[in-house]
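Trainee: Hey, dropping coords.cif in here, mmCIF, C-alpha atoms and all ligand atoms:
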```cif
data_my_file
loop_
_atom_site.label_atom_id
_atom_site.label_comp_id
_atom_site.auth_asym_id
_atom_site.auth_seq_id
_atom_site.Cartn_x
_atom_site.Cartn_y
_atom_site.Cartn_z
CA MET A 149 -32.29 7.01 -26.68
CA ARG A 150 -29.75 4.30 -27.26
CA SER A 151 -27.39 6.58 -29.23
CA ALA A 152 -27.64 9.32 -26.60
CA ARG A 153 -26.53 6.82 -24.00
CA LEU A 154 -23.72 5.71 -26.24
CA VAL A 155 -22.53 9.27 -26.69
CA ILE A 156 -22.54 9.78 -22.93
CA ALA A 157 -20.70 6.52 -22.41
CA LEU A 158 -18.14 7.44 -25.04
CA PHE A 159 -17.66 10.85 -23.53
CA ALA A 160 -17.14 9.32 -20.11
CA ALA A 161 -14.61 6.88 -21.51
CA VAL A 162 -12.66 9.65 -23.22
CA ALA A 163 -12.87 11.92 -20.20
CA LEU A 164 -11.44 9.25 -17.96
CA SER A 165 -8.69 8.09 -20.23
CA ALA A 166 -7.12 11.14 -21.84
CA PRO A 167 -5.68 14.31 -20.42
CA PRO A 168 -6.69 17.65 -21.89
CA ALA A 169 -4.42 18.59 -24.80
CA SER A 170 -2.76 21.29 -22.71
CA ALA A 171 -1.58 18.73 -20.18
CA VAL A 172 -0.11 16.16 -22.54
CA SER A 173 3.49 17.36 -22.63
CA ALA A 174 5.72 15.50 -20.21
CA PRO A 175 8.39 17.30 -18.21
CA PRO A 176 11.96 16.92 -19.48
CA ASP A 177 12.83 13.27 -19.14
CA VAL A 178 16.34 12.34 -18.13
CA SER A 179 15.67 8.61 -18.04
CA GLY A 180 17.34 8.08 -21.42
CA HIS A 181 17.03 4.47 -22.55
CA LYS A 182 15.48 3.55 -19.22
CA GLN A 183 11.92 3.30 -20.36
CA THR A 184 10.30 1.81 -17.28
CA LEU A 185 10.22 2.71 -13.62
CA ARG A 186 12.07 -0.43 -12.57
CA SER A 187 14.82 -0.01 -15.15
CA ALA A 188 15.28 3.62 -14.13
CA ALA A 189 15.52 2.79 -10.41
CA PRO A 190 18.87 2.81 -8.59
CA LYS A 191 20.32 -0.61 -7.84
CA GLY A 192 18.70 -2.20 -4.79
CA PHE A 193 15.79 0.23 -4.79
CA HIS A 194 12.32 -1.28 -4.92
CA ILE A 195 9.65 0.52 -6.87
CA GLY A 196 6.30 -1.13 -6.22
CA THR A 197 2.56 -1.06 -6.68
CA ALA A 198 -0.51 -2.54 -5.09
CA VAL A 199 -1.91 -5.49 -7.08
CA ALA A 200 -5.59 -4.84 -7.71
CA GLY A 201 -8.14 -7.38 -6.47
CA GLY A 202 -10.52 -8.11 -3.59
CA GLY A 203 -11.87 -5.27 -1.44
CA HIS A 204 -13.75 -2.60 -3.39
CA HIS A 205 -13.01 -4.33 -6.70
CA GLU A 206 -15.52 -7.04 -5.86
CA ASN A 207 -18.39 -4.53 -6.14
CA GLN A 208 -17.22 -3.07 -9.44
CA PRO A 209 -18.51 -4.04 -12.89
CA TYR A 210 -15.27 -5.70 -13.99
CA PRO A 211 -13.65 -9.08 -13.38
CA ASP A 212 -10.66 -9.52 -11.08
CA PRO A 213 -8.04 -7.13 -12.51
CA PHE A 214 -4.94 -9.15 -11.66
CA THR A 215 -6.11 -12.39 -13.25
CA SER A 216 -8.29 -11.00 -16.07
CA ASP A 217 -6.71 -7.87 -17.52
CA SER A 218 -3.77 -8.86 -19.71
CA GLU A 219 -2.64 -5.32 -20.41
CA TYR A 220 -2.72 -4.64 -16.69
CA ARG A 221 -0.49 -7.66 -16.08
CA LYS A 222 1.93 -6.57 -18.77
CA VAL A 223 2.38 -3.13 -17.23
CA LEU A 224 2.59 -4.64 -13.74
CA ALA A 225 5.47 -6.88 -14.81
CA ALA A 226 7.27 -4.29 -16.92
CA GLU A 227 7.19 -1.27 -14.62
CA PHE A 228 7.63 -2.60 -11.07
CA ASN A 229 10.06 -4.73 -9.11
CA SER A 230 7.92 -4.90 -5.97
CA VAL A 231 4.25 -5.81 -5.49
CA SER A 232 1.82 -5.56 -2.57
CA PRO A 233 -1.44 -7.51 -2.60
CA GLU A 234 -4.04 -4.74 -2.25
CA ASN A 235 -6.51 -6.96 -0.34
CA GLN A 236 -5.59 -10.55 -1.06
CA MET A 237 -3.60 -11.14 2.13
CA LYS A 238 -5.98 -9.30 4.45
CA TRP A 239 -7.82 -11.35 7.04
CA GLU A 240 -11.27 -11.24 5.39
CA TYR A 241 -9.79 -12.46 2.13
CA ILE A 242 -7.20 -15.01 3.17
CA HIS A 243 -8.96 -16.39 6.28
CA PRO A 244 -12.69 -16.10 5.40
CA GLU A 245 -13.91 -18.77 7.82
CA ARG A 246 -12.56 -20.14 11.04
CA GLY A 247 -10.11 -22.89 10.16
CA ARG A 248 -10.33 -22.21 6.41
CA TYR A 249 -7.75 -20.27 4.47
CA ASN A 250 -8.07 -18.98 0.92
CA PHE A 251 -4.52 -18.80 -0.40
CA GLY A 252 -5.29 -19.02 -4.13
CA MET A 253 -4.91 -15.38 -5.08
CA ALA A 254 -2.03 -14.62 -2.71
CA ASP A 255 -0.19 -17.66 -4.10
CA ALA A 256 -0.82 -16.43 -7.65
CA ILE A 257 0.61 -13.00 -6.84
CA VAL A 258 3.68 -14.49 -5.16
CA ARG A 259 4.21 -16.77 -8.19
CA PHE A 260 3.82 -13.85 -10.60
CA ALA A 261 6.34 -11.88 -8.56
CA LYS A 262 8.88 -14.66 -8.73
CA GLN A 263 8.44 -15.07 -12.48
CA ASN A 264 8.98 -11.37 -12.95
CA ARG A 265 11.82 -10.95 -10.45
CA GLN A 266 9.75 -8.85 -8.07
CA VAL A 267 9.78 -8.76 -4.29
CA VAL A 268 6.54 -8.89 -2.30
CA ARG A 269 5.31 -6.72 0.58
CA GLY A 270 2.86 -8.64 2.74
CA HIS A 271 -0.16 -6.63 3.89
CA THR A 272 -1.37 -7.09 6.68
CA LEU A 273 -1.52 -9.23 9.86
CA MET A 274 -3.07 -7.08 12.57
CA TRP A 275 -5.62 -4.38 11.68
CA HIS A 276 -8.96 -3.04 12.84
CA SER A 277 -10.45 -3.14 9.35
CA GLN A 278 -11.37 -5.82 6.78
CA ASN A 279 -11.56 -8.57 9.35
CA PRO A 280 -13.95 -11.47 8.67
CA GLU A 281 -17.27 -11.56 10.48
CA TRP A 282 -16.52 -14.83 12.19
CA LEU A 283 -13.68 -13.05 13.94
CA GLU A 284 -15.28 -9.68 14.73
CA GLN A 285 -18.63 -11.18 15.77
CA GLY A 286 -17.20 -14.31 17.37
CA ASP A 287 -17.58 -14.91 21.07
CA PHE A 288 -14.05 -15.92 21.97
CA THR A 289 -12.21 -15.98 25.27
CA ALA A 290 -8.98 -14.01 25.45
CA ALA A 291 -6.99 -17.25 25.33
CA GLU A 292 -8.82 -18.37 22.19
CA LEU A 293 -8.34 -15.03 20.44
CA ARG A 294 -4.65 -15.04 21.21
CA GLU A 295 -4.34 -18.51 19.76
CA ILE A 296 -6.33 -17.47 16.68
CA LEU A 297 -3.91 -14.62 16.02
CA ARG A 298 -0.82 -16.73 16.68
CA GLU A 299 -2.04 -19.50 14.42
CA HIS A 300 -2.95 -17.02 11.65
CA ILE A 301 0.43 -15.33 11.73
CA MET A 302 2.39 -18.58 11.87
CA THR A 303 0.34 -20.01 9.00
CA VAL A 304 0.33 -17.02 6.67
CA VAL A 305 3.88 -15.79 7.29
CA GLY A 306 5.10 -19.39 7.34
CA ARG A 307 3.52 -20.16 3.97
CA TYR A 308 5.35 -17.27 2.32
CA LYS A 309 8.60 -17.69 4.19
CA GLY A 310 11.46 -16.47 2.02
CA LYS A 311 8.97 -15.10 -0.52
CA VAL A 312 7.67 -12.02 1.26
CA GLN A 313 10.40 -9.48 1.83
CA GLN A 314 8.55 -7.11 4.18
CA TRP A 315 5.40 -7.57 6.24
CA ASP A 316 3.08 -4.86 7.51
CA VAL A 317 2.64 -6.68 10.79
CA ALA A 318 0.61 -3.94 12.48
CA ASN A 319 -1.48 -1.58 10.37
CA GLU A 320 -3.01 1.66 11.62
CA ILE A 321 -2.90 0.90 15.35
CA PHE A 322 -2.88 4.58 16.40
CA THR A 323 -5.45 7.35 15.92
CA ASP A 324 -4.40 10.70 14.47
CA ALA A 325 -4.18 11.99 18.04
CA GLY A 326 -1.57 9.35 18.81
CA ALA A 327 -3.77 7.10 20.97
CA LEU A 328 -3.81 3.34 20.53
CA ARG A 329 -7.04 2.19 18.87
CA THR A 330 -8.20 0.41 21.98
CA THR A 331 -11.85 0.11 20.94
CA GLU A 332 -11.72 -0.45 17.17
CA ASN A 333 -8.82 -2.89 17.08
CA ILE A 334 -10.13 -6.25 18.30
CA TRP A 335 -6.68 -7.49 19.29
CA ILE A 336 -5.73 -4.50 21.40
CA ARG A 337 -9.23 -4.22 22.87
CA GLU A 338 -9.51 -7.85 23.92
CA LEU A 339 -5.88 -8.69 24.66
CA GLY A 340 -4.26 -5.41 25.66
CA PRO A 341 -1.40 -3.49 23.99
CA GLY A 342 1.15 -6.24 24.74
CA ILE A 343 -0.34 -8.28 21.88
CA VAL A 344 1.39 -5.96 19.39
CA ALA A 345 4.83 -7.16 20.52
CA ASP A 346 3.62 -10.77 20.39
CA ALA A 347 2.48 -10.32 16.79
CA PHE A 348 5.97 -9.19 15.82
CA ARG A 349 7.55 -12.09 17.74
CA TRP A 350 5.34 -14.66 16.03
CA ALA A 351 5.96 -13.19 12.58
CA HIS A 352 9.70 -13.27 13.24
CA GLN A 353 9.49 -16.87 14.39
CA ALA A 354 7.64 -17.83 11.21
CA ASP A 355 10.10 -16.05 8.89
CA PRO A 356 13.27 -14.81 10.59
CA LYS A 357 14.46 -13.04 7.44
CA ALA A 358 11.33 -11.01 6.68
CA LYS A 359 11.48 -7.34 7.65
CA LEU A 360 8.63 -6.50 10.00
CA PHE A 361 6.92 -3.11 9.80
CA PHE A 362 4.51 -0.75 11.46
CA ASN A 363 2.46 0.95 8.73
CA ASP A 364 0.00 3.86 8.89
CA TYR A 365 -1.51 6.88 7.12
CA ASN A 366 -1.07 10.50 8.23
CA VAL A 367 2.39 9.68 9.54
CA GLU A 368 4.26 11.39 6.72
CA SER A 369 4.94 14.41 8.94
CA VAL A 370 6.31 14.77 12.42
CA ASN A 371 3.02 14.87 14.35
CA ALA A 372 1.22 13.29 17.30
CA LYS A 373 0.66 10.05 15.42
CA SER A 374 4.20 9.59 14.11
CA ASP A 375 5.51 10.62 17.56
CA ALA A 376 3.44 7.79 19.06
CA TYR A 377 5.08 5.31 16.68
CA TYR A 378 8.50 6.73 17.44
CA ALA A 379 8.02 6.24 21.18
CA LEU A 380 6.47 2.78 20.86
CA ILE A 381 9.11 1.48 18.46
CA LYS A 382 11.92 2.76 20.68
CA GLU A 383 10.39 0.97 23.62
CA LEU A 384 9.85 -2.28 21.72
CA ARG A 385 13.37 -2.28 20.31
CA ALA A 386 14.82 -1.69 23.78
CA ALA A 387 12.86 -4.75 24.92
CA GLY A 388 14.29 -6.82 22.07
CA VAL A 389 11.09 -7.11 20.06
CA PRO A 390 11.86 -7.83 16.37
CA VAL A 391 10.58 -4.61 14.79
CA HIS A 392 12.52 -3.68 11.67
CA GLY A 393 10.66 -0.95 9.89
CA PHE A 394 8.34 1.99 9.90
CA SER A 395 6.36 2.95 6.83
CA ALA A 396 4.15 5.82 5.75
CA GLN A 397 1.23 4.93 3.48
CA ALA A 398 1.15 8.41 1.91
CA HIS A 399 -2.44 8.64 0.71
CA LEU A 400 -2.03 12.29 -0.23
CA SER A 401 -4.55 14.81 -1.52
CA LEU A 402 -4.14 18.05 -3.44
CA ASP A 403 -6.74 19.47 -1.04
CA TYR A 404 -4.02 19.45 1.63
CA GLY A 405 -0.53 20.84 1.56
CA PHE A 406 2.42 18.56 0.86
CA PRO A 407 4.02 17.11 4.03
CA ASP A 408 7.24 19.09 3.75
CA ASP A 409 8.92 17.37 6.67
CA LEU A 410 8.55 13.86 5.22
CA GLU A 411 12.30 13.43 4.77
CA ARG A 412 13.04 14.69 8.28
CA ASN A 413 10.40 12.39 9.72
CA LEU A 414 11.64 9.27 7.91
CA LYS A 415 15.17 10.17 8.88
CA ARG A 416 14.47 10.09 12.59
CA PHE A 417 13.18 6.52 12.18
CA ALA A 418 16.21 5.63 10.06
CA ASP A 419 18.35 6.97 12.90
CA LEU A 420 16.78 4.32 15.15
CA ARG A 421 18.34 1.83 12.71
CA LEU A 422 14.99 1.08 11.19
CA GLU A 423 14.11 0.45 7.59
CA THR A 424 11.67 2.98 6.24
CA ALA A 425 9.31 2.84 3.27
CA ILE A 426 6.53 4.55 1.40
CA THR A 427 3.88 1.89 1.00
CA GLU A 428 0.63 3.21 -0.52
CA LEU A 429 1.26 6.47 -2.31
CA ASP A 430 -1.54 8.03 -4.30
CA VAL A 431 -2.42 11.68 -4.85
CA ARG A 432 -6.14 12.32 -5.14
CA MET A 433 -7.87 15.54 -6.05
CA THR A 434 -11.35 17.02 -6.12
CA LEU A 435 -12.36 16.68 -9.75
CA PRO A 436 -13.93 19.55 -11.69
CA ALA A 437 -17.53 19.04 -12.87
CA SER A 438 -16.17 17.73 -16.19
CA GLY A 439 -14.56 14.84 -14.34
CA VAL A 440 -11.25 15.72 -16.03
CA PRO A 441 -8.38 17.12 -13.95
CA THR A 442 -7.06 20.52 -15.00
CA ALA A 443 -3.55 20.96 -16.33
CA ALA A 444 -2.65 22.72 -13.08
CA GLN A 445 -3.94 19.80 -11.01
CA LEU A 446 -1.94 17.31 -13.03
CA GLN A 447 1.16 19.42 -12.64
CA GLN A 448 0.68 19.69 -8.90
CA GLN A 449 0.01 15.97 -8.66
CA ALA A 450 3.26 15.20 -10.47
CA ASP A 451 4.99 17.49 -8.00
CA TYR A 452 3.56 15.58 -5.00
CA TYR A 453 4.63 12.25 -6.46
CA GLN A 454 8.08 13.59 -7.25
CA ARG A 455 8.63 15.11 -3.81
CA THR A 456 7.51 11.96 -2.01
CA LEU A 457 9.95 9.87 -4.02
CA ALA A 458 12.75 12.42 -3.63
CA ALA A 459 12.29 12.40 0.15
CA CYS A 460 12.50 8.60 0.27
CA LEU A 461 15.56 8.54 -1.98
CA LYS A 462 17.34 10.90 0.39
CA VAL A 463 16.84 8.69 3.42
CA ARG A 464 19.48 6.00 3.67
CA THR A 465 17.12 3.22 4.79
CA CYS A 466 14.18 4.05 2.49
CA LYS A 467 14.61 1.37 -0.16
CA SER A 468 11.00 0.50 -0.87
CA PHE A 469 8.57 2.88 -2.53
CA THR A 470 5.11 1.64 -3.44
CA ILE A 471 2.21 3.36 -5.19
CA TRP A 472 -1.34 2.23 -4.39
CA GLY A 473 -2.23 1.09 -7.88
CA PHE A 474 -0.86 2.49 -11.13
CA THR A 475 -4.00 3.10 -13.17
CA ASP A 476 -7.12 5.13 -12.41
CA LYS A 477 -9.07 2.24 -13.93
CA TYR A 478 -8.82 0.34 -10.66
CA SER A 479 -8.13 2.99 -8.04
CA TRP A 480 -9.91 2.79 -4.71
CA VAL A 481 -10.15 6.60 -4.50
CA PRO A 482 -13.42 7.35 -6.35
CA VAL A 483 -15.11 4.58 -4.34
CA PHE A 484 -13.95 5.88 -0.95
CA PHE A 485 -13.70 9.66 -1.47
CA GLN A 486 -16.75 11.23 -3.06
CA GLY A 487 -16.00 13.61 -5.90
CA GLN A 488 -12.31 12.73 -5.91
CA GLY A 489 -10.22 10.68 -8.28
CA ALA A 490 -7.47 10.64 -10.89
CA ALA A 491 -5.13 9.69 -8.04
CA THR A 492 -2.73 7.35 -9.83
CA VAL A 493 0.06 7.85 -12.39
CA MET A 494 -1.79 6.42 -15.41
CA TRP A 495 -5.16 7.02 -17.05
CA ASN A 496 -7.77 4.28 -17.47
CA ASP A 497 -6.12 3.24 -20.74
CA PHE A 498 -2.66 3.09 -19.12
CA GLY A 499 -1.59 6.31 -20.83
CA ARG A 500 1.09 7.89 -18.67
CA LYS A 501 0.42 11.09 -16.75
CA GLN A 502 3.02 13.71 -15.85
CA ALA A 503 3.25 12.04 -12.44
CA TYR A 504 4.56 8.89 -14.10
CA TYR A 505 7.31 10.76 -15.93
CA ALA A 506 8.15 12.68 -12.76
CA LEU A 507 8.74 9.40 -10.93
CA ARG A 508 10.77 7.90 -13.74
CA SER A 509 13.09 10.83 -14.21
CA THR A 510 13.58 11.20 -10.45
CA LEU A 511 14.57 7.54 -10.22
CA ALA A 512 16.91 7.88 -13.19
CA LYS A 513 18.64 10.92 -11.69
CA ARG A 514 19.58 8.90 -8.61
CA ALA A 515 20.56 5.74 -10.45
C1 LIG B 601 -8.00 -0.29 0.52
C2 LIG B 601 -8.10 -1.02 -0.81
O1 LIG B 601 -7.43 -0.26 -1.79
C3 LIG B 601 -9.54 -1.24 -1.20
O2 LIG B 601 -9.61 -2.08 -2.32
C4 LIG B 601 -10.34 -1.85 -0.05
O3 LIG B 601 -11.70 -1.92 -0.40
C5 LIG B 601 -10.16 -1.01 1.23
O4 LIG B 601 -8.79 -0.90 1.51
N1 LIG B 601 -4.93 1.81 4.06
C6 LIG B 601 -4.53 0.51 3.87
C7 LIG B 601 -5.01 -0.23 2.67
O5 LIG B 601 -3.69 0.00 4.63
O6 LIG B 601 -5.14 -1.60 2.94
C8 LIG B 601 -6.32 0.32 2.16
O7 LIG B 601 -6.64 -0.34 0.94
C9 LIG B 601 -6.22 1.82 1.96
C10 LIG B 601 -5.90 2.52 3.25
#
```
Please go through the file and, once you have read it, give me the structure as structure tokens.
Ligand code: XIL

Mentor:
Amino acid sequence: MRSARLVIALFAAVALSAPPASAVSAPPDVSGHKQTLRSAAPKGFHIGTAVAGGGHHENQPYPDPFTSDSEYRKVLAAEFNSVSPENQMKWEYIHPERGRYNFGMADAIVRFAKQNRQVVRGHTLMWHSQNPEWLEQGDFTAAELREILREHIMTVVGRYKGKVQQWDVANEIFTDAGALRTTENIWIRELGPGIVADAFRWAHQADPKAKLFFNDYNVESVNAKSDAYYALIKELRAAGVPVHGFSAQAHLSLDYGFPDDLERNLKRFADLRLETAITELDVRMTLPASGVPTAAQLQQQADYYQRTLAACLKVRTCKSFTIWGFTDKYSWVPVFFQGQGAATVMWNDFGRKQAYYALRSTLAKRA
């Protein structure tokens, strides 16, 4: 009984950590002596990752990845020159009770970034998801809510003044149809759409040098949702609101076609004199029954990663490119998308996939 379980466990471990033999060969690598993503990147270009912790990780059978996994930390420092706290700056994590902040983990990430010469993307200040209960269930007047948001933004952005390069001020405020999330988003629902501009103004007041972004998924293409951002940002800029950037999360899936017009879409925002960025790239896939991606899937995944990076590199203002975790060991995908996985550029054991080499050689070609 015990040995049967062991065999199954061993099989699972192997299946999740190694590619099939046919998929091992990496594409031609032009990175030369540049053996890491950050060393291969053009000057001034930020290649980043989410830093695993909080959120779904808290229900997994492993300790906090960022503080406990030394190999993870080594790769994090070696490969990237930008980091984004995956959950550790979200409301539920950093402001768990009214009047009480929990800065420990965010501070640790910011310190790690400084030690390793990395910039930080702050994520996020205004969202409909991962808000603490005291906020969502609280019975506040409009004036109180407004003050709660102002105080939160001034406190959090102020604490990391000069240490967080870009902030996702507003995350996912539109639906795919391009409508403001007027019911789900507590701020917009209770205070009206004007609160979005106020959030940017407060963040700017707290750190005048930080670049302030709108961030969302399904905005890689020119579509109803990205059109809604385009119109809103134009309007806010005309009114003098300090909006500096527009970013596409890029949670892609092999079950859907690649967003071919990504470059064209980013470019129209760049033409508004906005910074642009890819902030949460991963490329998930429906796994075969074996749990191991096929060689064709891995090839196609590498292609999606490569094309996303190539599009960003072609847009003048796209200087920040972040993947949503670098190892399948800690990816959010299997937890949130049933039957899907293998979405990152490294296996559980940090072995590099084709997607990793595709990113590195694409960076090196533009360096
Ligand atoms: C995800 C995290 O990866 C998970 O750990 C957490 O449980 C849920 O949120 N869009 C975003 C990110 O802006 O914050 C989300 O991150 C993924 C989708």

Trainee: Could you check which of A:Arg508, A:Lys222, A:Arg329, A:His399 is closest to ligand LIG 601 (chain B), using all atoms listed in the file?

Mentor: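 Using all atoms listed in the file, ligand LIG 601 (chain B) sits closest to A:His399.
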
Trainee: Give the residues close to ligand LIG 601 (chain B), within 9 Å, counting all atoms listed in the file; write them as number ranges by chain.

Mentor: A: 198, 200-206, 233-235, 238, 271-272, 275, 277-278, 316, 319-320, 363-365, 397, 399, 427-428, 472-473, 478-481, 483-484

Trainee: For Ser369 (chain A), which residue among A:Asp409, A:Asp255, A:Asp355, A:Glu332 is the nearest when counting only C-alpha atoms?

Mentor: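 The answer is A:Asp409, which sits nearest to Ser369 (chain A).
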
Trainee: Please provide the set of residues having any atom within 7 Å of region 312-314 of chain A, restricted to all atoms listed in the file, with same-chain residues fewer than 4 positions apart removed, written as a PyMOL selection string.

Mentor: chain A and resi 267-270+308+358-360

Trainee: Calculated over all atoms listed in the file, which of the candidates A:Gln183, A:Thr434, A:Asn333, A:Asn371 has the smallest distance to Leu410 (chain A)?

Mentor: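 For Leu410 (chain A), the nearest of the candidates is A:Asn371.
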
Trainee: What does the structure give for the distance between CA of Phe251 (chain A) and CA of Asn264 (chain A), in Å to one decimal?

Mentor: 19.9 Å

Trainee: Just give me the gap between CA of Phe485 (chain A) and CA of Trp335 (chain A) in Å, one decimal is fine.

Mentor: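 A separation of 27.8 Å between them.
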
Trainee: Using only C-alpha atoms, find the one residue out of A:Lys477, A:Val370, A:Phe193, A:Ala506 that sits nearest to Pro209 (chain A).

Mentor: A:Lys477

Trainee: Which polymer residues, protein or nucleic acid, are no farther than 7 Å from (-5.7, -10.7, 25.2), counting only C-alpha atoms, as a list of chain:residue names?

Mentor: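 Every residue inside that radius is included here: A:Ala290, A:Ala291, A:Leu293, A:Arg294, A:Trp335, A:Glu338, A:Leu339, A:Gly340, A:Ile343.
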
Trainee: Please fill the gaps in region 418-425 of chain A so it has all heavy atoms, and write that as an mmCIF file, keeping the file's coordinate frame.

Mentor:
```
data_model
loop_
_atom_site.group_PDB
_atom_site.id
_atom_site.type_symbol
_atom_site.label_atom_id
_atom_site.label_comp_id
_atom_site.auth_asym_id
_atom_site.auth_seq_id
_atom_site.Cartn_x
_atom_site.Cartn_y
_atom_site.Cartn_z
ATOM 1 N N ALA A 418 14.978 6.244 10.579
ATOM 2 C CA ALA A 418 16.210 5.630 10.060
ATOM 3 C C ALA A 418 17.312 5.707 11.124
ATOM 4 O O ALA A 418 18.103 4.775 11.285
ATOM 5 C CB ALA A 418 16.649 6.325 8.781
ATOM 6 N N ASP A 419 17.333 6.801 11.857
ATOM 7 C CA ASP A 419 18.350 6.970 12.900
ATOM 8 C C ASP A 419 18.162 5.985 14.059
ATOM 9 O O ASP A 419 19.077 5.781 14.859
ATOM 10 C CB ASP A 419 18.348 8.413 13.421
ATOM 11 C CG ASP A 419 18.936 9.377 12.391
ATOM 12 O OD1 ASP A 419 19.592 8.896 11.435
ATOM 13 O OD2 ASP A 419 18.730 10.596 12.515
ATOM 14 N N LEU A 420 16.995 5.398 14.164
ATOM 15 C CA LEU A 420 16.780 4.320 15.150
ATOM 16 C C LEU A 420 17.229 2.980 14.576
ATOM 17 O O LEU A 420 16.911 1.934 15.122
ATOM 18 C CB LEU A 420 15.290 4.214 15.525
ATOM 19 C CG LEU A 420 14.625 5.344 16.315
ATOM 20 C CD1 LEU A 420 13.154 4.990 16.585
ATOM 21 C CD2 LEU A 420 15.350 5.566 17.633
ATOM 22 N N ARG A 421 17.921 3.029 13.456
ATOM 23 C CA ARG A 421 18.340 1.830 12.710
ATOM 24 C C ARG A 421 17.162 1.026 12.216
ATOM 25 O O ARG A 421 17.165 -0.213 12.235
ATOM 26 C CB ARG A 421 19.250 0.941 13.569
ATOM 27 C CG ARG A 421 20.549 1.617 13.963
ATOM 28 C CD ARG A 421 21.355 0.730 14.882
ATOM 29 N NE ARG A 421 22.662 1.310 15.139
ATOM 30 C CZ ARG A 421 23.693 1.203 14.309
ATOM 31 N NH1 ARG A 421 23.572 0.537 13.183
ATOM 32 N NH2 ARG A 421 24.847 1.763 14.626
ATOM 33 N N LEU A 422 16.171 1.742 11.741
ATOM 34 C CA LEU A 422 14.990 1.080 11.190
ATOM 35 C C LEU A 422 14.964 1.254 9.686
ATOM 36 O O LEU A 422 15.395 2.286 9.163
ATOM 37 C CB LEU A 422 13.714 1.744 11.728
ATOM 38 C CG LEU A 422 13.293 1.458 13.152
ATOM 39 C CD1 LEU A 422 12.115 2.341 13.498
ATOM 40 C CD2 LEU A 422 12.911 -0.013 13.316
ATOM 41 N N GLU A 423 14.423 0.250 8.991
ATOM 42 C CA GLU A 423 14.110 0.450 7.590
ATOM 43 C C GLU A 423 12.903 1.372 7.519
ATOM 44 O O GLU A 423 12.070 1.397 8.432
ATOM 45 C CB GLU A 423 13.780 -0.894 6.933
ATOM 46 C CG GLU A 423 14.947 -1.844 7.022
ATOM 47 C CD GLU A 423 15.064 -2.746 5.809
ATOM 48 O OE1 GLU A 423 14.358 -2.518 4.809
ATOM 49 O OE2 GLU A 423 15.873 -3.678 5.879
ATOM 50 N N THR A 424 12.834 2.117 6.439
ATOM 51 C CA THR A 424 11.670 2.980 6.240
ATOM 52 C C THR A 424 11.135 2.690 4.841
ATOM 53 O O THR A 424 11.833 2.100 4.006
ATOM 54 C CB THR A 424 12.058 4.462 6.385
ATOM 55 O OG1 THR A 424 13.163 4.737 5.516
ATOM 56 C CG2 THR A 424 12.455 4.806 7.817
ATOM 57 N N ALA A 425 9.891 3.102 4.589
ATOM 58 C CA ALA A 425 9.310 2.840 3.270
ATOM 59 C C ALA A 425 8.098 3.735 3.056
ATOM 60 O O ALA A 425 7.472 4.195 4.021
ATOM 61 C CB ALA A 425 8.885 1.374 3.152
#
```
